[in-house]
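One file, query-v6.txt, is given below (compact mmCIF, C-alpha atoms).
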# COMPACT_ATOMS: atom_id res chain seq x y z
CA MET F 1 -91.78 -6.97 -10.63
CA SER F 2 -93.62 -3.71 -10.29
CA ALA F 3 -92.46 -0.27 -11.31
CA PRO F 4 -90.17 1.13 -8.61
CA THR F 5 -91.56 3.51 -6.04
CA ARG F 6 -88.81 5.93 -5.03
CA GLN F 7 -88.66 6.92 -1.39
CA GLU F 8 -85.71 7.64 0.85
CA LYS F 9 -82.54 7.58 -1.27
CA LEU F 10 -80.24 6.32 1.50
CA ASP F 11 -77.50 8.73 0.47
CA GLY F 12 -75.12 10.82 2.57
CA VAL F 13 -72.60 9.57 5.12
CA ILE F 14 -74.13 6.61 6.95
CA VAL F 15 -71.76 4.96 9.39
CA ALA F 16 -71.52 1.20 9.71
CA THR F 17 -71.28 1.30 13.47
CA ALA F 18 -68.77 -0.67 15.51
CA LEU F 19 -70.26 -2.45 18.51
CA PRO F 20 -68.82 -2.08 22.02
CA TYR F 21 -68.69 -4.94 24.50
CA ALA F 22 -68.22 -5.11 28.26
CA GLU F 23 -66.57 -8.06 29.97
CA ASP F 24 -69.17 -10.41 31.41
CA ARG F 25 -68.47 -14.10 32.04
CA ARG F 26 -72.15 -14.93 31.56
CA ALA F 27 -72.30 -13.49 28.03
CA PRO F 28 -71.24 -15.21 24.79
CA ALA F 29 -67.44 -15.36 24.62
CA GLY F 30 -67.39 -13.47 27.93
CA LEU F 31 -68.41 -10.23 26.24
CA ARG F 32 -71.75 -8.51 26.78
CA VAL F 33 -73.08 -5.99 24.26
CA ASP F 34 -72.81 -2.58 25.93
CA LEU F 35 -76.01 -0.94 24.71
CA ASP F 36 -75.55 2.24 26.74
CA ARG F 37 -72.12 2.86 25.26
CA TYR F 38 -73.44 1.97 21.82
CA ALA F 39 -76.28 4.49 22.12
CA GLU F 40 -73.78 7.19 23.09
CA HIS F 41 -71.62 6.33 20.08
CA CYS F 42 -74.56 6.53 17.66
CA ARG F 43 -75.51 9.91 19.09
CA TRP F 44 -71.91 11.14 18.84
CA LEU F 45 -71.78 10.26 15.15
CA ILE F 46 -74.97 12.17 14.42
CA ASP F 47 -73.79 15.15 16.48
CA ASN F 48 -70.58 15.19 14.41
CA GLY F 49 -72.46 15.63 11.16
CA CYS F 50 -73.05 12.08 9.90
CA ARG F 51 -76.42 11.56 8.25
CA GLY F 52 -77.13 8.22 9.83
CA VAL F 53 -75.94 4.95 11.31
CA GLY F 54 -76.03 1.35 10.18
CA PRO F 55 -76.33 -1.21 12.98
CA ASN F 56 -75.81 -4.93 12.43
CA GLY F 57 -73.43 -4.74 9.52
CA SER F 58 -70.22 -6.72 9.22
CA LEU F 59 -68.43 -4.02 11.20
CA GLY F 60 -71.13 -4.41 13.84
CA GLU F 61 -70.29 -8.13 14.11
CA TYR F 62 -73.89 -9.15 13.40
CA SER F 63 -72.91 -12.77 12.74
CA SER F 64 -71.50 -13.08 16.28
CA LEU F 65 -74.69 -11.87 17.97
CA THR F 66 -77.65 -13.80 19.31
CA ASP F 67 -81.01 -12.99 17.76
CA GLU F 68 -81.99 -11.10 20.90
CA GLU F 69 -78.78 -9.05 20.87
CA ARG F 70 -79.12 -8.27 17.20
CA ARG F 71 -82.59 -6.83 17.58
CA ALA F 72 -81.63 -4.93 20.73
CA VAL F 73 -78.74 -3.29 18.87
CA ALA F 74 -81.05 -2.11 16.08
CA ARG F 75 -83.60 -0.77 18.53
CA THR F 76 -80.89 1.04 20.47
CA ALA F 77 -79.62 2.79 17.34
CA ILE F 78 -83.14 3.82 16.30
CA GLU F 79 -83.89 5.27 19.72
CA ALA F 80 -80.53 7.05 19.99
CA VAL F 81 -80.78 8.72 16.57
CA GLY F 82 -84.43 9.66 16.90
CA ALA F 83 -85.58 12.22 14.35
CA ASP F 84 -82.09 13.60 13.77
CA GLY F 85 -80.87 11.07 11.22
CA VAL F 86 -81.54 7.80 9.45
CA VAL F 87 -80.97 4.26 10.66
CA VAL F 88 -80.25 1.60 8.03
CA VAL F 89 -80.36 -1.80 9.69
CA GLY F 90 -78.35 -4.73 8.38
CA VAL F 91 -80.71 -7.63 7.59
CA HIS F 92 -78.18 -10.08 6.15
CA GLY F 93 -79.27 -13.70 6.21
CA VAL F 94 -78.46 -17.11 4.80
CA GLY F 95 -81.78 -17.29 2.99
CA ALA F 96 -84.54 -14.98 1.83
CA HIS F 97 -86.83 -16.00 4.68
CA GLN F 98 -84.24 -15.02 7.32
CA ALA F 99 -83.37 -11.71 5.66
CA ARG F 100 -87.06 -10.87 5.22
CA ALA F 101 -87.74 -11.67 8.89
CA TRP F 102 -85.01 -9.24 9.94
CA ALA F 103 -86.42 -6.61 7.59
CA GLU F 104 -89.86 -7.07 9.14
CA ARG F 105 -88.41 -6.52 12.60
CA ALA F 106 -86.55 -3.44 11.39
CA ALA F 107 -89.80 -2.04 10.01
CA GLU F 108 -91.63 -2.75 13.27
CA ASP F 109 -88.89 -0.99 15.23
CA GLY F 110 -88.92 2.17 13.11
CA ALA F 111 -85.87 1.83 10.86
CA HIS F 112 -85.59 4.13 7.84
CA GLY F 113 -84.13 1.46 5.57
CA VAL F 114 -82.23 -1.81 5.44
CA LEU F 115 -78.87 -2.95 4.11
CA CYS F 116 -78.91 -6.43 2.59
CA LEU F 117 -76.29 -8.79 1.23
CA PRO F 118 -77.16 -11.62 -1.14
CA PRO F 119 -77.48 -15.00 0.62
CA THR F 120 -74.48 -15.03 2.91
CA LEU F 121 -73.43 -18.70 2.98
CA TYR F 122 -74.51 -19.84 -0.47
CA ARG F 123 -73.20 -18.90 -3.90
CA ALA F 124 -76.58 -17.92 -5.30
CA ASN F 125 -77.26 -17.60 -9.00
CA ALA F 126 -78.93 -14.56 -10.57
CA SER F 127 -82.52 -15.76 -10.21
CA GLU F 128 -81.91 -16.70 -6.57
CA VAL F 129 -80.37 -13.29 -5.89
CA ILE F 130 -83.38 -11.56 -7.44
CA HIS F 131 -85.77 -13.67 -5.34
CA HIS F 132 -83.78 -12.85 -2.21
CA PHE F 133 -84.06 -9.11 -2.76
CA GLU F 134 -87.70 -9.31 -3.84
CA GLN F 135 -88.56 -10.89 -0.51
CA VAL F 136 -86.68 -8.27 1.52
CA ALA F 137 -88.06 -5.37 -0.53
CA ALA F 138 -91.63 -6.67 -0.15
CA VAL F 139 -91.51 -5.61 3.51
CA GLY F 140 -91.77 -2.00 2.33
CA LEU F 141 -88.63 -0.33 3.67
CA PRO F 142 -86.11 1.26 1.30
CA VAL F 143 -83.43 -1.33 0.55
CA MET F 144 -79.72 -0.80 -0.07
CA ALA F 145 -78.35 -3.86 -1.86
CA TYR F 146 -74.81 -4.66 -0.78
CA ASN F 147 -72.30 -5.99 -3.29
CA ASN F 148 -69.38 -7.66 -1.51
CA PRO F 149 -68.18 -10.45 -3.81
CA LEU F 150 -64.98 -10.86 -1.82
CA ASP F 151 -66.87 -12.25 1.17
CA THR F 152 -70.11 -13.62 -0.27
CA LYS F 153 -68.69 -15.03 -3.56
CA VAL F 154 -71.78 -13.53 -5.22
CA ASP F 155 -71.12 -10.59 -7.53
CA LEU F 156 -73.89 -8.05 -8.08
CA THR F 157 -72.61 -7.02 -11.49
CA PRO F 158 -73.93 -3.80 -13.04
CA ASP F 159 -76.24 -5.87 -15.25
CA LEU F 160 -77.66 -7.70 -12.24
CA VAL F 161 -77.93 -4.43 -10.30
CA ALA F 162 -79.98 -3.03 -13.20
CA GLU F 163 -82.40 -5.94 -12.74
CA LEU F 164 -82.57 -5.36 -8.99
CA ALA F 165 -83.32 -1.69 -9.66
CA GLN F 166 -86.66 -2.74 -11.16
CA ILE F 167 -87.81 -4.17 -7.83
CA ASP F 168 -90.05 -1.86 -5.87
CA ASN F 169 -88.22 -0.34 -2.84
CA ILE F 170 -84.68 -1.16 -4.01
CA VAL F 171 -83.26 2.35 -3.89
CA ALA F 172 -79.48 2.05 -3.52
CA VAL F 173 -76.48 -0.20 -4.02
CA LYS F 174 -73.43 -0.29 -1.77
CA GLU F 175 -70.57 -1.11 -4.12
CA PHE F 176 -67.61 -2.91 -2.52
CA SER F 177 -66.11 -4.84 -5.42
CA GLY F 178 -63.06 -2.57 -5.56
CA ASP F 179 -63.67 -1.91 -9.26
CA ILE F 180 -64.15 1.84 -9.44
CA ARG F 181 -65.29 1.55 -13.08
CA ARG F 182 -68.57 0.17 -11.84
CA VAL F 183 -69.77 3.47 -10.43
CA LEU F 184 -70.30 4.96 -13.88
CA GLU F 185 -71.58 1.69 -15.31
CA ILE F 186 -74.23 1.36 -12.59
CA ARG F 187 -75.24 4.98 -13.10
CA GLU F 188 -75.65 4.29 -16.80
CA LYS F 189 -77.63 1.04 -16.38
CA ALA F 190 -79.62 1.92 -13.27
CA PRO F 191 -79.73 5.74 -13.13
CA GLU F 192 -82.54 5.73 -10.57
CA LEU F 193 -80.40 4.04 -7.93
CA THR F 194 -78.21 5.78 -5.36
CA VAL F 195 -74.65 4.51 -5.77
CA VAL F 196 -73.03 4.20 -2.38
CA ALA F 197 -69.27 4.01 -1.84
CA GLY F 198 -68.59 0.89 0.21
CA ALA F 199 -64.81 0.94 0.53
CA ASP F 200 -63.31 3.79 2.54
CA ASP F 201 -60.07 3.72 0.54
CA LEU F 202 -61.96 4.36 -2.70
CA VAL F 203 -64.48 6.85 -1.38
CA LEU F 204 -63.10 9.97 -3.04
CA GLU F 205 -62.77 8.22 -6.39
CA ALA F 206 -66.34 6.89 -6.11
CA LEU F 207 -67.81 10.26 -5.13
CA LEU F 208 -66.04 12.04 -7.96
CA MET F 209 -67.50 9.49 -10.39
CA GLY F 210 -71.05 10.12 -9.21
CA ALA F 211 -71.67 8.12 -6.04
CA THR F 212 -73.82 10.16 -3.66
CA GLY F 213 -73.63 7.97 -0.58
CA TRP F 214 -70.91 6.54 1.65
CA PHE F 215 -71.68 3.58 3.90
CA ALA F 216 -68.57 4.01 5.91
CA GLY F 217 -66.25 2.42 8.46
CA PHE F 218 -63.62 4.95 9.52
CA PRO F 219 -66.12 7.70 10.37
CA ASN F 220 -66.40 5.67 13.59
CA VAL F 221 -62.99 7.25 14.24
CA PHE F 222 -63.09 10.51 12.24
CA PRO F 223 -66.73 11.51 11.76
CA ALA F 224 -66.41 15.28 11.24
CA ALA F 225 -63.45 14.96 8.89
CA SER F 226 -65.25 12.24 6.93
CA VAL F 227 -68.33 14.42 6.50
CA ARG F 228 -66.06 17.24 5.36
CA LEU F 229 -64.43 14.98 2.79
CA TYR F 230 -67.84 13.92 1.49
CA GLU F 231 -69.00 17.54 1.21
CA LEU F 232 -65.85 18.65 -0.61
CA ALA F 233 -66.11 15.80 -3.10
CA LEU F 234 -69.78 16.42 -3.89
CA ALA F 235 -69.06 20.13 -4.30
CA GLY F 236 -66.33 19.35 -6.83
CA ARG F 237 -63.63 20.96 -4.69
CA VAL F 238 -61.08 18.39 -5.77
CA PRO F 239 -57.79 19.98 -4.59
CA GLU F 240 -59.18 20.47 -1.08
CA ALA F 241 -60.69 16.99 -1.06
CA ARG F 242 -57.38 15.44 -2.07
CA GLU F 243 -55.50 17.45 0.54
CA LEU F 244 -57.77 15.99 3.21
CA TYR F 245 -58.05 12.47 1.76
CA GLU F 246 -54.49 11.52 0.94
CA PRO F 247 -53.15 11.61 4.53
CA LEU F 248 -56.19 9.58 5.66
CA VAL F 249 -56.18 6.90 2.99
CA GLY F 250 -53.48 4.81 4.68
CA ALA F 251 -55.82 4.34 7.63
CA PHE F 252 -58.83 3.96 5.32
CA ARG F 253 -57.15 1.01 3.54
CA TRP F 254 -57.68 -1.05 6.67
CA ASP F 255 -61.41 -0.93 5.93
CA SER F 256 -60.76 -3.29 3.00
CA ARG F 257 -58.64 -5.80 4.91
CA THR F 258 -59.67 -8.99 6.67
CA GLU F 259 -59.08 -7.43 10.10
CA PHE F 260 -61.09 -4.28 9.38
CA VAL F 261 -63.26 -4.62 12.49
CA GLN F 262 -60.27 -4.92 14.81
CA ALA F 263 -58.48 -2.09 13.00
CA ILE F 264 -61.36 0.36 13.25
CA LYS F 265 -61.96 -0.47 16.90
CA HIS F 266 -58.25 0.05 17.61
CA GLY F 267 -58.42 3.37 15.77
CA MET F 268 -61.28 4.40 18.03
CA ASP F 269 -59.18 3.52 21.07
CA LEU F 270 -56.30 5.61 19.75
CA VAL F 271 -58.42 8.75 19.49
CA GLY F 272 -59.95 8.44 22.93
CA ARG F 273 -63.18 6.74 21.93
CA TYR F 274 -63.97 3.18 23.01
CA GLY F 275 -63.45 0.44 20.45
CA GLY F 276 -62.57 -2.47 22.64
CA PRO F 277 -62.42 -6.18 21.84
CA CYS F 278 -64.22 -8.29 19.25
CA ARG F 279 -66.08 -11.53 19.66
CA PRO F 280 -64.78 -14.67 17.97
CA PRO F 281 -63.99 -15.56 15.30
CA ARG F 282 -62.16 -12.24 15.32
CA GLY F 283 -59.04 -12.22 17.44
CA PRO F 284 -56.57 -9.48 18.38
CA LEU F 285 -54.28 -7.89 15.83
CA ALA F 286 -50.74 -9.26 15.63
CA GLY F 287 -47.85 -7.07 16.70
CA HIS F 288 -46.73 -6.25 13.17
CA GLN F 289 -50.29 -5.33 12.23
CA LEU F 290 -50.62 -3.01 15.22
CA ALA F 291 -47.35 -1.30 14.33
CA ALA F 292 -48.47 -0.71 10.74
CA LEU F 293 -51.92 0.46 11.80
CA ASP F 294 -50.49 2.82 14.42
CA ALA F 295 -48.24 4.40 11.78
CA ASP F 296 -51.18 4.91 9.42
CA MET F 297 -53.31 6.30 12.21
CA LYS F 298 -50.56 8.66 13.37
CA ARG F 299 -50.33 10.19 9.92
CA ALA F 300 -54.08 10.71 9.82
CA ILE F 301 -54.34 12.09 13.35
CA ASP F 302 -51.41 14.44 12.91
CA HIS F 303 -52.94 15.80 9.72
CA LEU F 304 -56.33 16.38 11.36
CA ALA F 305 -54.70 18.16 14.29
CA THR F 306 -53.70 21.04 12.01
CA ASP F 307 -55.76 24.22 11.77
CA HIS F 308 -56.77 24.22 8.08
CA LEU F 309 -59.80 21.98 8.54
CA ALA F 310 -61.26 23.51 11.69
CA ALA F 311 -61.26 27.01 10.21
CA ASP F 312 -63.47 25.89 7.34
CA HIS F 313 -65.97 23.54 8.95
CA PRO F 314 -67.94 24.18 12.14
CA THR F 315 -68.35 20.48 12.97
CA ALA F 316 -64.57 20.14 13.12
CA ASP F 317 -63.96 22.86 15.70
CA HIS F 318 -62.60 20.44 18.27
CA LEU F 319 -60.77 17.94 16.07
CA ALA F 320 -57.42 18.62 17.64
CA ALA F 321 -58.78 18.20 21.15
CA ASP F 322 -60.85 15.12 20.31
CA HIS F 323 -58.11 13.44 18.28
CA PRO F 324 -54.73 13.58 20.06
CA THR F 325 -51.64 12.53 18.15
CA ALA F 326 -50.64 8.89 18.45
CA ASP F 327 -47.69 9.96 20.61
CA GLN F 328 -50.05 11.38 23.24
CA PRO F 329 -51.94 9.26 25.75
CA THR F 330 -55.59 8.64 25.04
CA ALA F 331 -58.31 8.86 27.63
CA PRO F 332 -58.45 5.78 29.87
CA ARG F 333 -61.24 3.33 29.24
CA PRO F 334 -63.99 3.34 31.82
CA THR F 335 -63.83 0.52 34.33
CA GLU F 336 -66.15 -2.30 33.36
CA THR F 337 -68.13 -4.55 35.62

For this file, write the structure as structure tokens.
Amino acid sequence: MSAPTRQEKLDGVIVATALPYAEDRRAPAGLRVDLDRYAEHCRWLIDNGCRGVGPNGSLGEYSSLTDEERRAVARTAIEAVGADGVVVVGVHGVGAHQARAWAERAAEDGAHGVLCLPPTLYRANASEVIHHFEQVAAVGLPVMAYNNPLDTKVDLTPDLVAELAQIDNIVAVKEFSGDIRRVLEIREKAPELTVVAGADDLVLEALLMGATGWFAGFPNVFPAASVRLYELALAGRVPEARELYEPLVGAFRWDSRTEFVQAIKHGMDLVGRYGGPCRPPRGPLAGHQLAALDADMKRAIDHLATDHLAADHPTADHLAADHPTADQPTAPRPTET
């Protein structure tokens, strides 16, 4: 391992983008990736203050895409964002050779960095994890390692993260274990790394403990308010941050549930954006889940429709107009062909 070369820190609010589909009987599962709508969504997130977007993450349903679709999604995000933000492409793969190949394509296409899980279908040991990240980092893009032991069954413990931090181009870790104590421990053992909040329902706690990034799900629904929350937390304005966060956290908890993709897409539908369906294996939410999600979303939307936020943040000027209460009708979805 060589001494790390620090580049882009991959901090700020980077949105793990949801992926829209259009009905098309010729496409996998009858759903075609709607690249035009996806480009518009990426642009909307940047225009609402988010620092960047992350295509081909779990929220972007990367594992349900063909190789051609997956690359097209990344290229679409890169083109849509342009010079106005960063694009951190998910390069998750079963083995190091697959993940490295996706990183090479991301570099060719102009990505600013990559997000990488450990091997996704194999419970790798520490040496295998290190090899995996060495191969991805060798491509040359800044790498955000992603710790999600709930899904991968591989835990990037703070000690292992400290070893990964010695690999050239590993610049950040997205922490999704749910153990908030790890933020400080990673900062102690790998102070050169950016610690990135990975769970929306722990974001305030993580930021107050020293995380400086948020790789986020619900900013697909509430981008301006999410950026505001991030700014308040980093500025140490804790009472204001809590006032904003606590009514949102019920919705944010869905980001840590099995049906997080469906929940975030439904949240987008509720606020007049387009979330739409998911490809298998993800199915629709059950009735009791929809009722619970709608209640959590209503609390969040009603809170954001008040005046206190808009008066203090220029990117939130139109929150009330853009986010109707759950009792109000949302904009109809465009007709699809």

Fill in: Exercise: Glu188 in chain F partners within 10 Å, all atoms listed in the file, chain neighbours under 6 positions left out, as a PyMOL selection string
chain F and resi 158+162+182

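Here the question is which of F:Gly140, F:Ala211, F:Thr17, F:Arg32 gets nearest to Val89 in chain F using all atoms listed in the file, and that residue is F:Thr17.
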
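Closest approach to Val15 in chain F among F:Leu156, F:Leu285, F:Val86, F:Ala80 is made by F:Val86 (distances from only C-alpha atoms).
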
Discussion item. Taking all atoms listed in the file into account, name the residue in F:Val261, F:Arg100, F:Tyr146, F:Ala165 that is nearest to Pro280 in chain F.
Written reply: F:Val261

Worksheet entry | Contacts of Ala199 in chain F within 10 Å, all atoms listed in the file, excl. fewer than 2 positions in-chain, as a PyMOL selection string | chain F and resi 148+174-178+196-197+201-204+206+214-218+252-256

Deliver the residues from the most recent selection as a file, using C-alpha atoms, as a short mmCIF file (atom, residue, chain, number, x, y, z; two decimals), in the coordinates of the input.
data_model
loop_
_atom_site.label_atom_id
_atom_site.label_comp_id
_atom_site.auth_asym_id
_atom_site.auth_seq_id
_atom_site.Cartn_x
_atom_site.Cartn_y
_atom_site.Cartn_z
CA ASN F 148 -69.38 -7.66 -1.51
CA LYS F 174 -73.43 -0.29 -1.77
CA GLU F 175 -70.57 -1.11 -4.12
CA PHE F 176 -67.61 -2.91 -2.52
CA SER F 177 -66.11 -4.84 -5.42
CA GLY F 178 -63.06 -2.57 -5.56
CA VAL F 196 -73.03 4.20 -2.38
CA ALA F 197 -69.27 4.01 -1.84
CA ASP F 201 -60.07 3.72 0.54
CA LEU F 202 -61.96 4.36 -2.70
CA VAL F 203 -64.48 6.85 -1.38
CA LEU F 204 -63.10 9.97 -3.04
CA ALA F 206 -66.34 6.89 -6.11
CA TRP F 214 -70.91 6.54 1.65
CA PHE F 215 -71.68 3.58 3.90
CA ALA F 216 -68.57 4.01 5.91
CA GLY F 217 -66.25 2.42 8.46
CA PHE F 218 -63.62 4.95 9.52
CA PHE F 252 -58.83 3.96 5.32
CA ARG F 253 -57.15 1.01 3.54
CA TRP F 254 -57.68 -1.05 6.67
CA ASP F 255 -61.41 -0.93 5.93
CA SER F 256 -60.76 -3.29 3.00
#

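Proximity to Leu193 in chain F at 8 Å, evaluated using only C-alpha atoms and with sequence-adjacent residues fewer than 6 positions away removed, yields Lys9, Ala165, Ile170, Val171, Ala172, Val173 and Arg187 of chain F.
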
Worksheet entry | Pick from F:Asp151, F:Leu304, F:His266, F:Arg75, whichever lies nearest to Leu229 in chain F using only C-alpha atoms | F:Leu304

Practice prompt. Would you mind telling me which residue in F:Leu31, F:Leu244, F:Leu115, F:Leu232 lies nearest to Thr306 in chain F when using all atoms listed in the file?
Written response: F:Leu244

Discussion item. I'd like the interatomic distance between CA of Leu65 in chain F and CA of Gly90 in chain F, to a tenth of an Å.
Written reply: 12.5 Å
